[in-house]
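Step one of this worksheet: look at the structure below.
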Amino acid sequence: MKQRDKTKDTVIRREERSDGENRYLYELTVSESMNTSSFKLPLYSIRVSMTMADGGSTSAKAKEAFADAGKAILFYEKVVRNLATPIDLAYIMEDGI
């Protein structure tokens with residue numbers, strides 16, 4: 001039987017922005033995994049959600065992408081500052097800070 005990953009996610013930053021046409025929601029979360037490989041290590045994730053003028057929505061998440069709070073915050077601020085879309089998130093992750 002497979003055991004589920006037990007984590008506690010906490011939103012530490014949340015911002016809403018708009019470009020006049022679309023609405024963006026950015027979240028920086030921290031979680032502590034109970035898995036043996038990362039036991040009690042805080043891991044940071046970034047989620048980008050976009051709601052378009054026609055009511056459609058999409059989102060993307062860079063799950064547990066950072067173990068360093070400082071780097072996670074710098075990356076999050078870059079994403080928010082540049083109004084990154086869910087599609088952009090993977091490319092920005094690839095390019096780094």
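Ligands are numbered from 1 in the order shown, chains are lettered A, B, ... in the order of the structure tokens, and residues start at 1 in each chain.
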Checklist entry - What are the DSSP strand (DSSP E or B) residues of chain A, as JSON, numbers by chain? => result {"A": [7, 8, 9, 10, 11, 12, 13, 14, 15, 16, 17, 18, 23, 24, 25, 26, 27, 28, 29, 30, 31, 32, 33, 42, 43, 44, 45, 46, 47, 48, 49, 50, 51, 57, 58, 59, 60, 61, 62, 63, 64, 65, 66]}
Leaving out A:Thr58 and any residue of its chain fewer than 4 positions from it, which residues lie within 12 Å of it when counting only C-alpha atoms, given as a compact mmCIF listing (two decimals) with all heavy atoms, in the first residue's frame?
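Result went into around.txt, see below:
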```txt
# COMPACT_ATOMS: atom_id res chain seq x y z
N ASN A 22 -6.43 40.94 -17.70
CA ASN A 22 -6.37 39.69 -16.95
C ASN A 22 -6.07 39.97 -15.48
O ASN A 22 -5.46 40.98 -15.14
CB ASN A 22 -5.27 38.79 -17.52
CG ASN A 22 -5.48 38.50 -18.98
OD1 ASN A 22 -6.55 38.06 -19.39
ND2 ASN A 22 -4.47 38.75 -19.79
N ARG A 23 -6.51 39.04 -14.63
CA ARG A 23 -6.24 39.14 -13.20
C ARG A 23 -5.31 38.01 -12.82
O ARG A 23 -5.49 36.86 -13.21
CB ARG A 23 -7.54 39.03 -12.41
CG ARG A 23 -7.39 39.36 -10.95
CD ARG A 23 -8.74 39.35 -10.27
NE ARG A 23 -9.45 38.11 -10.54
CZ ARG A 23 -9.64 37.14 -9.65
NH1 ARG A 23 -9.22 37.28 -8.43
NH2 ARG A 23 -10.28 36.04 -9.98
N TYR A 24 -4.27 38.32 -12.05
CA TYR A 24 -3.25 37.36 -11.66
C TYR A 24 -3.24 37.20 -10.14
O TYR A 24 -3.39 38.18 -9.41
CB TYR A 24 -1.86 37.83 -12.09
CG TYR A 24 -1.75 38.10 -13.57
CD1 TYR A 24 -1.99 39.37 -14.08
CD2 TYR A 24 -1.43 37.08 -14.46
CE1 TYR A 24 -1.89 39.63 -15.43
CE2 TYR A 24 -1.33 37.32 -15.82
CZ TYR A 24 -1.57 38.60 -16.30
OH TYR A 24 -1.48 38.84 -17.64
N LEU A 25 -3.06 35.99 -9.69
CA LEU A 25 -2.90 35.71 -8.27
C LEU A 25 -1.59 34.95 -8.11
O LEU A 25 -1.37 33.92 -8.76
CB LEU A 25 -4.06 34.86 -7.73
CG LEU A 25 -3.94 34.39 -6.28
CD1 LEU A 25 -3.93 35.59 -5.33
CD2 LEU A 25 -5.07 33.44 -5.94
N ARG A 47 2.96 29.53 -6.94
CA ARG A 47 1.79 29.26 -7.78
C ARG A 47 1.36 30.54 -8.47
O ARG A 47 1.30 31.60 -7.84
CB ARG A 47 0.65 28.72 -6.93
CG ARG A 47 -0.58 28.38 -7.73
CD ARG A 47 -1.68 27.86 -6.80
NE ARG A 47 -2.85 27.51 -7.53
CZ ARG A 47 -3.11 26.31 -8.02
NH1 ARG A 47 -2.26 25.33 -7.83
NH2 ARG A 47 -4.22 26.08 -8.68
N VAL A 48 1.07 30.43 -9.76
CA VAL A 48 0.58 31.56 -10.55
C VAL A 48 -0.78 31.16 -11.13
O VAL A 48 -0.89 30.13 -11.79
CB VAL A 48 1.54 31.89 -11.71
CG1 VAL A 48 0.99 33.03 -12.55
CG2 VAL A 48 2.93 32.24 -11.20
N SER A 49 -1.79 31.96 -10.84
CA SER A 49 -3.13 31.74 -11.40
C SER A 49 -3.52 32.96 -12.21
O SER A 49 -3.22 34.09 -11.82
CB SER A 49 -4.15 31.52 -10.29
OG SER A 49 -3.80 30.41 -9.50
N MET A 50 -4.19 32.72 -13.32
CA MET A 50 -4.61 33.82 -14.18
C MET A 50 -6.08 33.63 -14.56
O MET A 50 -6.48 32.53 -14.97
CB MET A 50 -3.76 33.86 -15.45
CG MET A 50 -4.12 34.98 -16.40
SD MET A 50 -3.01 35.08 -17.83
CE MET A 50 -3.64 33.77 -18.85
N THR A 51 -6.87 34.68 -14.38
CA THR A 51 -8.26 34.69 -14.81
C THR A 51 -8.37 35.70 -15.93
O THR A 51 -8.03 36.87 -15.76
CB THR A 51 -9.21 35.07 -13.66
OG1 THR A 51 -8.99 34.15 -12.58
CG2 THR A 51 -10.65 35.02 -14.10
N MET A 52 -8.84 35.22 -17.08
CA MET A 52 -8.94 36.08 -18.26
C MET A 52 -10.26 36.83 -18.29
O MET A 52 -11.19 36.50 -17.56
CB MET A 52 -8.76 35.21 -19.52
CG MET A 52 -7.35 34.62 -19.60
SD MET A 52 -7.23 33.20 -20.69
CE MET A 52 -7.69 31.88 -19.58
N THR A 85 2.81 34.92 -16.34
CA THR A 85 1.62 34.11 -16.55
C THR A 85 1.94 32.67 -16.16
O THR A 85 3.11 32.30 -16.01
CB THR A 85 1.18 34.14 -18.03
OG1 THR A 85 2.18 33.48 -18.81
CG2 THR A 85 0.98 35.57 -18.52
N PRO A 86 0.91 31.83 -16.03
CA PRO A 86 1.19 30.42 -15.74
C PRO A 86 2.11 29.77 -16.78
O PRO A 86 2.96 28.96 -16.43
CB PRO A 86 -0.20 29.79 -15.74
CG PRO A 86 -1.09 30.90 -15.29
CD PRO A 86 -0.52 32.13 -15.95
N ILE A 87 1.96 30.15 -18.04
CA ILE A 87 2.81 29.59 -19.10
C ILE A 87 4.26 30.03 -18.91
O ILE A 87 5.19 29.26 -19.15
CB ILE A 87 2.30 30.01 -20.49
CG1 ILE A 87 0.94 29.36 -20.74
CG2 ILE A 87 3.29 29.66 -21.57
CD1 ILE A 87 0.24 29.85 -21.98
N ASP A 88 4.46 31.26 -18.45
CA ASP A 88 5.82 31.79 -18.25
C ASP A 88 6.59 31.11 -17.13
O ASP A 88 7.82 31.08 -17.15
CB ASP A 88 5.76 33.29 -17.91
CG ASP A 88 5.20 34.16 -19.01
OD1 ASP A 88 5.31 33.77 -20.19
OD2 ASP A 88 4.66 35.24 -18.68
```
Item to check | Contacts of stretch 7-14 of chain A within 8 Å, only C-alpha atoms, excl. fewer than 5 positions in-chain, as a PyMOL selection string | outcome: chain A and resi 25-34
Next on the checklist: Among chain A, which ones does DSSP assign to helix (DSSP H, G or I) (computed from the backbone)? Answer as a list in words.
Outcome noted: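 Going through chain A, the helix (DSSP H, G or I) residues come out as Thr36, Ser37, Ser38, Ala69, Gly70, Lys71, Ala72, Ile73, Leu74, Phe75, Tyr76, Glu77, Lys78, Val79, Val80, Arg81, Pro86, Ile87, Asp88, Leu89, Ala90, Tyr91, Ile92, Met93, Glu94 and Asp95 of chain A.
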Using the selection just defined, write its residues with N, CA and C atoms as a short mmCIF file (atom, residue, chain, number, x, y, z; two decimals), in the first residue's frame.
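Listed below is the output, result-v7.cif:
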```cif
data_model
loop_
_atom_site.label_atom_id
_atom_site.label_comp_id
_atom_site.auth_asym_id
_atom_site.auth_seq_id
_atom_site.Cartn_x
_atom_site.Cartn_y
_atom_site.Cartn_z
N THR A 36 10.84 10.67 4.69
CA THR A 36 12.16 10.46 5.26
C THR A 36 13.23 11.25 4.51
N SER A 37 13.11 11.34 3.19
CA SER A 37 14.15 12.00 2.38
C SER A 37 14.23 13.50 2.62
N SER A 38 13.15 14.12 3.05
CA SER A 38 13.17 15.57 3.29
C SER A 38 12.49 15.92 4.61
N ALA A 69 14.84 30.08 1.79
CA ALA A 69 13.79 31.09 1.86
C ALA A 69 14.17 32.35 1.09
N GLY A 70 15.40 32.79 1.19
CA GLY A 70 15.84 34.00 0.51
C GLY A 70 15.72 33.89 -1.00
N LYS A 71 16.17 32.77 -1.55
CA LYS A 71 16.07 32.56 -2.99
C LYS A 71 14.62 32.45 -3.44
N ALA A 72 13.80 31.80 -2.63
CA ALA A 72 12.38 31.66 -2.96
C ALA A 72 11.70 33.03 -3.01
N ILE A 73 12.01 33.89 -2.05
CA ILE A 73 11.40 35.23 -2.01
C ILE A 73 11.87 36.07 -3.19
N LEU A 74 13.16 36.04 -3.50
CA LEU A 74 13.67 36.80 -4.65
C LEU A 74 13.00 36.35 -5.95
N PHE A 75 12.86 35.04 -6.12
CA PHE A 75 12.23 34.52 -7.32
C PHE A 75 10.76 34.92 -7.38
N TYR A 76 10.06 34.78 -6.25
CA TYR A 76 8.65 35.17 -6.16
C TYR A 76 8.47 36.64 -6.54
N GLU A 77 9.29 37.52 -6.00
CA GLU A 77 9.20 38.94 -6.30
C GLU A 77 9.44 39.22 -7.77
N LYS A 78 10.36 38.49 -8.39
CA LYS A 78 10.62 38.63 -9.83
C LYS A 78 9.39 38.23 -10.64
N VAL A 79 8.77 37.14 -10.26
CA VAL A 79 7.57 36.65 -10.95
C VAL A 79 6.45 37.68 -10.86
N VAL A 80 6.22 38.20 -9.66
CA VAL A 80 5.15 39.20 -9.46
C VAL A 80 5.46 40.49 -10.20
N ARG A 81 6.67 40.98 -10.08
CA ARG A 81 7.08 42.24 -10.70
C ARG A 81 6.87 42.22 -12.22
N PRO A 86 0.91 31.83 -16.03
CA PRO A 86 1.19 30.42 -15.74
C PRO A 86 2.11 29.77 -16.78
N ILE A 87 1.96 30.15 -18.04
CA ILE A 87 2.81 29.59 -19.10
C ILE A 87 4.26 30.03 -18.91
N ASP A 88 4.46 31.26 -18.45
CA ASP A 88 5.82 31.79 -18.25
C ASP A 88 6.59 31.11 -17.13
N LEU A 89 5.88 30.58 -16.15
CA LEU A 89 6.53 30.10 -14.93
C LEU A 89 7.63 29.07 -15.20
N ALA A 90 7.37 28.10 -16.03
CA ALA A 90 8.38 27.08 -16.32
C ALA A 90 9.61 27.68 -17.00
N TYR A 91 9.39 28.63 -17.89
CA TYR A 91 10.52 29.26 -18.60
C TYR A 91 11.35 30.11 -17.64
N ILE A 92 10.69 30.81 -16.74
CA ILE A 92 11.41 31.63 -15.77
C ILE A 92 12.21 30.74 -14.83
N MET A 93 11.63 29.60 -14.43
CA MET A 93 12.34 28.65 -13.58
C MET A 93 13.60 28.14 -14.30
N GLU A 94 13.46 27.85 -15.56
CA GLU A 94 14.57 27.33 -16.35
C GLU A 94 15.71 28.35 -16.45
N ASP A 95 15.34 29.63 -16.61
CA ASP A 95 16.34 30.70 -16.74
C ASP A 95 16.99 31.05 -15.42
#
```
Next on the checklist: One decimal, in Å: what's the spacing between atom CA of A:Phe66 and atom CA of A:Leu43?
Outcome noted: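 That distance, rounded to one decimal, is 5.7 Å.
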